[in-house]
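Just below is one structure, and these are the notes that go with it.
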Number of protein chains: 2
Amino acid sequence: MRDHGAPIERLKHPHTLRLRRLGIDTHQEAVVYMRADCHICRAEGFRAHARVGISHQGRSIVATLHHVIGDLLRRNEAGLSESAWQALDAREGDEVAIEHPPTLESLSFVRAKTFGQSLDDAAFQAIIRDVAAGRYADVHLAAFITACAGGRLSRQEIVALTRAMVEVGDRIDWGKSPILDKHCIGGLPGNRTSPIVVAIIASCGLTMPKTSSRAITSPAGTADTMETLAPVDLDLAAIRRVVEREGGCIAWGGAVRLSPADDILIRAERALDLDGEGQLVASVLSKKVAAGSTHTVIDVPVGPTAKARTPEAAALLRERLTDVAQAFGMTTRVLLTEGAQPVGRGLGPALEAADVLAVLRNDPTAPADLRDRSVALAAALLELVAAAVPGAGETTARSALLNGRAWTKFQAICDAQGGMRVPPHARYTHGITAAHPGRVTSIDNRMLSRTAKLAGAPEAKAAGVELHVRLLDLLERGQPLFTVHAENPGELAYALDYVAARPAIVGVVS
Amino acid sequence: MRDHGAPIERLKHPHTLRLRRLGIDTHQEAVVYMRADCHICRAEGFRAHARVGISHQGRSIVATLHHVIGDLLRRNEAGLSESAWQALDAREGDEVAIEHPPTLESLSFVRAKTFGQSLDDAAFQAIIRDVAAGRYADVHLAAFITACAGGRLSRQEIVALTRAMVEVGDRIDWGKSPILDKHCIGGLPGNRTSPIVVAIIASCGLTMPKTSSRAITSPAGTADTMETLAPVDLDLAAIRRVVEREGGCIAWGGAVRLSPADDILIRAERALDLDGEGQLVASVLSKKVAAGSTHTVIDVPVGPTAKARTPEAAALLRERLTDVAQAFGMTTRVLLTEGAQPVGRGLGPALEAADVLAVLRNDPTAPADLRDRSVALAAALLELVAAAVPGAGETTARSALLNGRAWTKFQAICDAQGGMRVPPHARYTHGITAAHPGRVTSIDNRMLSRTAKLAGAPEAKAAGVELHVRLLDLLERGQPLFTVHAENPGELAYALDYVAARPAIVGVVS
């Protein structure tokens with residue numbers, strides 16, 4: 001085919017508008033505000049909700065167009081959402097070029113996956129490149145996540161997705177081995193073992209540069225909890241400095257560009273409250289591979305309301321994780337752990353941090369389950385790198401806690417990360433008690449997490465739930481079951497409304 | 001469980017803010033703008049992107065919160081997107097109550113579906129009620145659509161979804177039988193038979209109140225095309241009046257509340273460019289059941305780039321459509337038709353309207369394929385209601401066209417709908433010609449549709465593609481293949497960029 005007919009006037013230079021800061025925070029999605037009757041919208045036929053390309057001094061983004069039909073902007077002006085403003089590093093009055101964005105070809109692969117087709121390396125690379133570059137609108141992210149959930153990714157596809165996620169970001173080369181790491185797939189509230197495990201391992205002279213994520217669908221991620229104890233927003237240079245000095249760190253992975261697409265996908269998963277298993281494996285392992293880990297222990301809690309609900313589901317996940325890790329030359333051990341009830345007492349960043357501190361300080365009231373799980377994970381790591389003979393890991397790990405070396409190491413790590421902090425306390429609390437005497441026969445992790453989130457966690461650091469009972473506890477009438485913590489009365493009321501409608505969060509049988 | 005502890009101050013009355021019209025058009029999704037430091041955001045802990053409930057004089061909606069951090073609003077003010085403004089029927093300065101929205105329980109069913117579980121009637125009812133009430137954010141709609149696509153709905157689930165979609169809207173009772181209807185599942189550009197079939201059937205004295213949708217993923221829906229010929233935005237009273245007078249109408253279904261959730265789902269499908277088969281069946285049949293149709297013919301084009309790509313896929317779709325229709329007591333005949341190339345010459349509202357007019361007027365240059373398909377569909381309908389003996393339907397239908405009765409009837413229907421219009425012409429056009437002599441061996445419907453959409457269709461009524469060749473045509477070098485039509489130079493350039501990168505849109509083999 002070739003062109004013919006009268007030559008049309010091609011747009012040699014893109015259209016420009018002057019930026020005005022409207023100060024609208026849309027969260028993740030980049031939005032551009034333009035008058036419906038500006039020359040660009042008219043010439044390009046841009047309608048509300050169109051995706052448009054914006055360039056500014058060598059940076060470019062794709063944003064969703066919201067039309068302004070009043071006097072909020074002049075015809076030669078454009079506004080940007082705060083996230084777009086930051087992504088473009090814009091200043092008031094700057095000129096930006098606005099044009100049609102390149103066609104998003106990778107969406108055809110999302111469509112193919114939705115219709116049950118298998119995707120190859122090139123397809124995942126194309127998708128992940130576009131995701132990392134911020135070219136996907138929230139609805140596209142939602143479709144991709146949903147299409148991959150529910151067991152719809154093969155082993156080969158998970159490897160391809162993991163590789164694509166690693167390749168689009170930075171990779172840390174530590175120049176030595178072993179580099180230890182651990183991960184919990186989540187789904188078990190309060191399972192905040194990482195700070196304790198890192199402290200134990202680093203106190204044994206091994207290297208464990210731990211990068212953690214923020215919460216996906218839970219009331220707190222390790223990064224959220226750790227942030228109440230020390231700064232976690234470290235760049236790569238800071239992480240290297242901390243690890244060189246102390247042998248370990250507990251940093252937020254999002255501040256370095258390790259698997260940056262993962263952070264975008266995680267935020268979208270959180271909005272959907274959805275966390276599929278293929279994406280889970282790719283999310284975990286892409287971070288580990290990019291972080292340069294050589295030996296990793298993965299904690300998979302199994303329980304009726306955990307992410308892995310049955311031993312079969314857990315075994316499948318173990319197989320997938322081990323198998324995909326192997327494709328990247330990583331030695332992995334997956335521990336299936338008890339997941340019937342929350343670990344420790346707190347759910348929510350500051351409440352979980354209190355449990356961590358209690359264990360590290362050998363506080364006699366420290367939650368034994370959190371201590372025992374941390375010891376088991378540290379033991380598995382010590383044995384995995386032959387720093388302890390099989391069976392002896394647990395003794396080594398436990399003595400590091402008991403003799404105070406882990407606690408000293410933890411404080412040193414916090415200092416190295418920028419100084420230790422005291423977790424905040426909630427201003428508003430309300431207790432829920434047993435309506436009748438009896439035995440605790442069930443604790444619904446999901447509803448408890450939901451309660452903690454409705455109370456404001458993880459954004460409200462002090463918010464969450466403090467659990468006072470364990471499975472099989474024998475209770476009197478009126479004995480406290482759990483306390484809801486919130487930073488404002490609105491969120492407390494909202495969480496308590498939810499609790500009032502669900503008497504089965506903690507099941508007590510007479 | 002029971003409450004204990006100090007009584008907390010419950011919010012007896014919801015918080016209120018005064019409305020200011022910012023004039024921001026966000027398309028479908030309702031957005032509310034509030035200062036991050038207003039008393040409600042602080043008390044309730046509302047963060048950017050939260051979903052919040054807004055009530056105003058008996059109406060209530062759920063909106064996505066965008067924070068304002070500058071002086072755009074005062075602390076006691078809230079702004080609304082235009083769609084939210086209209087949904088609440090708001091006026092400047094009105095007071096609105098803003099609070100946490102009810103928990104969206106139906107999302108747990110979307111999650112269950114994503115993980116491969118089967119949903120029952122109650123689950124679909126809960127989802128569709130929330131969709132119709134506008135409680136789903138765009139990402140939730142995207143997840144629901146994706147989770148249901150790719151053959152993941154059983155026959156029973158499609159029946160349940162269809163029923164839920166019917167129940168949430170109005171139903172028309174015509175008080176007589178038969179009520180004829182037709183539908184094309186789409187995927188075949190230019191297949192604009194409905195106006196012709198309605199004209200033929202109504203001219204035979206039968207009743208055919210046709211409600212059509214706007215484009216989902218194509219450059220024009222029947223409603224978009226018909227709108228260039230007459231008003232289609234008729235309410236139920238107007239539809240009844242037109243049908244009583246003329247026996248038929250071609251109206252936009254969205255102006256009446258027939259399966260209103262469908263319109264919301266369709267807009268979301270369009271943003272995703274995704275149209276799954278279970279939802280397709282529910283979409284088609286819910287509209288037909290709600291419209292009170294008793295006898296329906298459904299056109300399923302089959303071809304390599306049509307929605308049904310193989311005879312097997314088409315047969316499965318036929319089975320699903322017939323089967324689900326039967327569950328609602330509707331008599332249905334599904335015609336599998338040739339779908340290898342576009343029907344007629346035009347793609348885009350006005351260009352397709354020109355083809356329709358040519359057929360109705362017996363123009364000697366009228367596209368024969370559009371005429372023959374319309375006759376076949378009308379014949380199937382006539383035979384389905386025994387208005388013609390088997391085999392005689394085609395003669396009856398064709399003679400209604402040839403003797404001008406269908407054309408007269410069509411003009412009368414347009415008059416009854418509010419007056420006939422002349423379709424607009426595009427100001428900017430550009431032709432693509434054959435680069436070498438040869439035979440036309442392929443026409444890519446999807447790329448042609450894409451081109452028409454990039455040129456501005458369906459929103460830009462005159463935009464689209466005019467196809468000058470048919471499969472197997474023998475061409476000279478330089479002979480025109482197709483012409484791109486646009487309403488502005490930007491969109492023309494955008495469409496031509498796309499064409500230039502895809503020499504295989506029309507395949508010519510020497």
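Each chain in the structure tokens gets a letter, A, B and so on, in the order shown; residues start at 1 in every chain, and ligands are counted from 1 in the order they appear.
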Report the residues of stretch 9-202 of chain B whose backbone DSSP state falls under strand (DSSP E or B), written as an MDAnalysis selection string. chainID B and resid 15:25 31:35 51:56 59:68 77:81 95:99 180:184
Go through chain B residue by residue and, counting only C-alpha atoms, keep those with an atom at most 7 Å from chain A; for each kept residue give the shortest atom pair and its distance in Å to one decimal, ordered by chain and increasing number, as a Markdown table.
```
| residue | atom | partner | partner_atom | distance |
| --- | --- | --- | --- | --- |
| B:Met1 | CA | A:Ala435 | CA | 4.5 |
| B:Arg2 | CA | A:Ala435 | CA | 5.5 |
| B:Asp3 | CA | A:Ile432 | CA | 4.9 |
| B:His4 | CA | A:Gly431 | CA | 5.6 |
| B:Gly5 | CA | A:Gly431 | CA | 5.8 |
| B:Arg10 | CA | A:Ala493 | CA | 6.4 |
| B:Leu22 | CA | A:Gly70 | CA | 6.8 |
| B:Gly23 | CA | A:Gly70 | CA | 5.1 |
| B:Ile24 | CA | A:Val68 | CA | 4.6 |
| B:Asp25 | CA | A:His67 | CA | 4.8 |
| B:Thr26 | CA | A:His66 | CA | 5.0 |
| B:His27 | CA | A:Ala48 | CA | 5.5 |
| B:Ala43 | CA | A:Gly490 | CA | 5.4 |
| B:Glu44 | CA | A:Gly490 | CA | 4.3 |
| B:Gly45 | CA | A:Glu491 | CA | 6.4 |
| B:Ala48 | CA | A:His27 | CA | 5.5 |
| B:His49 | CA | A:His27 | CA | 5.8 |
| B:His66 | CA | A:Thr26 | CA | 5.0 |
| B:His67 | CA | A:Asp25 | CA | 4.8 |
| B:Val68 | CA | A:Ile24 | CA | 4.6 |
| B:Ile69 | CA | A:Gly23 | CA | 5.1 |
| B:Gly70 | CA | A:Gly23 | CA | 5.1 |
| B:Leu72 | CA | A:Leu22 | CA | 7.0 |
| B:Arg111 | CA | A:Leu274 | CA | 6.9 |
| B:Thr114 | CA | A:Gly150 | CA | 5.8 |
| B:Phe115 | CA | A:Gly150 | CA | 4.0 |
| B:Gly116 | CA | A:Gly150 | CA | 5.9 |
| B:Asp138 | CA | A:Val139 | CA | 6.3 |
| B:Val139 | CA | A:Val139 | CA | 4.8 |
| B:His140 | CA | A:Leu272 | CA | 6.7 |
| B:Ala142 | CA | A:Ala143 | CA | 5.6 |
| B:Ala143 | CA | A:Ala143 | CA | 5.6 |
| B:Thr146 | CA | A:Ala143 | CA | 5.7 |
| B:Ala147 | CA | A:Thr146 | CA | 6.1 |
| B:Ala149 | CA | A:Thr114 | CA | 6.4 |
| B:Gly150 | CA | A:Phe115 | CA | 4.0 |
| B:Leu272 | CA | A:His140 | CA | 6.7 |
| B:Leu274 | CA | A:Arg111 | CA | 6.9 |
| B:His430 | CA | A:Gly5 | CA | 6.0 |
| B:Gly431 | CA | A:His4 | CA | 5.6 |
| B:Ile432 | CA | A:Asp3 | CA | 4.9 |
| B:Thr433 | CA | A:Arg2 | CA | 5.5 |
| B:Ala434 | CA | A:Met1 | CA | 4.7 |
| B:Ala435 | CA | A:Met1 | CA | 4.5 |
| B:Gly456 | CA | A:Gly45 | CA | 6.9 |
| B:Asn488 | CA | A:Ala43 | CA | 5.7 |
| B:Pro489 | CA | A:Ala43 | CA | 6.5 |
| B:Gly490 | CA | A:Glu44 | CA | 4.4 |
| B:Glu491 | CA | A:Glu44 | CA | 5.4 |
| B:Ala493 | CA | A:Arg10 | CA | 6.4 |
| B:Pro503 | CA | A:Met1 | CA | 5.8 |
```
Stretch 442-447 of chain B environment, 10 Å, only C-alpha atoms, sequence neighbours closer than 6 positions dropped, as a PDB file with C-alpha atoms, in the first residue's frame:
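Full text of out_36.pdb as output:
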```
ATOM      1  CA  GLY B 187     -17.086  -8.033  15.139  1.00  0.00           C
ATOM      2  CA  LEU B 188     -17.867  -7.426  11.480  1.00  0.00           C
ATOM      3  CA  PRO B 189     -17.333  -3.808  10.476  1.00  0.00           C
ATOM      4  CA  GLY B 190     -20.102  -2.126   8.510  1.00  0.00           C
ATOM      5  CA  THR B 217     -15.211  -2.008  20.436  1.00  0.00           C
ATOM      6  CA  SER B 218     -16.221  -1.207  16.843  1.00  0.00           C
ATOM      7  CA  GLY B 303     -14.250 -15.203   9.991  1.00  0.00           C
ATOM      8  CA  PRO B 304     -10.570 -15.001  10.828  1.00  0.00           C
ATOM      9  CA  THR B 305     -10.846 -11.524  12.366  1.00  0.00           C
ATOM     10  CA  ALA B 306     -14.540 -11.587  13.372  1.00  0.00           C
ATOM     11  CA  LYS B 307     -15.609 -12.144  16.992  1.00  0.00           C
ATOM     12  CA  GLY B 339     -17.470 -12.745   8.247  1.00  0.00           C
ATOM     13  CA  ALA B 340     -14.211 -12.625   6.299  1.00  0.00           C
ATOM     14  CA  GLN B 341     -14.507  -9.008   5.182  1.00  0.00           C
ATOM     15  CA  PRO B 342     -16.438  -5.856   6.106  1.00  0.00           C
ATOM     16  CA  LYS B 453     -11.417   4.467  15.515  1.00  0.00           C
ATOM     17  CA  LEU B 467     -13.292   0.526   1.643  1.00  0.00           C
ATOM     18  CA  VAL B 469     -12.140  -3.300  -2.666  1.00  0.00           C
ATOM     19  CA  ARG B 470     -13.554  -6.748  -1.918  1.00  0.00           C
ATOM     20  CA  LEU B 471     -11.764 -10.057  -1.432  1.00  0.00           C
ATOM     21  CA  LEU B 472     -10.503 -11.558  -4.734  1.00  0.00           C
ATOM     22  CA  TYR B 498      -1.089   3.532  12.143  1.00  0.00           C
ATOM     23  CA  VAL B 499      -1.827   2.568   8.511  1.00  0.00           C
ATOM     24  CA  ARG B 502       0.754  -1.878   8.754  1.00  0.00           C
ATOM     25  CA  ALA B 504      -0.997  -5.851   5.533  1.00  0.00           C
ATOM     26  CA  ILE B 505      -4.369  -4.229   6.323  1.00  0.00           C
ATOM     27  CA  VAL B 506      -5.389  -5.109   2.775  1.00  0.00           C
ATOM     28  CA  GLY B 507      -3.275  -7.979   1.449  1.00  0.00           C
ATOM     29  CA  VAL B 508      -2.564  -7.787  -2.313  1.00  0.00           C
ATOM     30  CA  VAL B 509      -0.676 -10.724  -3.873  1.00  0.00           C
TER      31      VAL B 509
END
```
So that I can check the surroundings of A:Asp94, please list as an MDAnalysis selection string every protein, DNA and RNA residue that reaches within 9 Å of it, counting only C-alpha atoms and ignoring chain neighbours fewer than 4 positions away. chainID A and resid 17:20 56 90
Kindly export the residues of the current selection with C-alpha atoms, as a compact mmCIF listing (two decimals), in the first residue's frame.
```txt
# COMPACT_ATOMS: atom_id res chain seq x y z
CA LEU A 17 0.45 24.12 26.68
CA ARG A 18 1.68 25.94 29.79
CA LEU A 19 1.49 24.03 33.06
CA ARG A 20 -0.55 25.21 35.99
CA HIS A 56 8.66 17.81 29.18
CA ALA A 90 7.42 20.06 36.37
```
Rank nothing, just name the residue among A:Val484, A:Val289, A:Leu401, A:Val159 nearest to A:Asp372, using only C-alpha atoms. A:Leu401
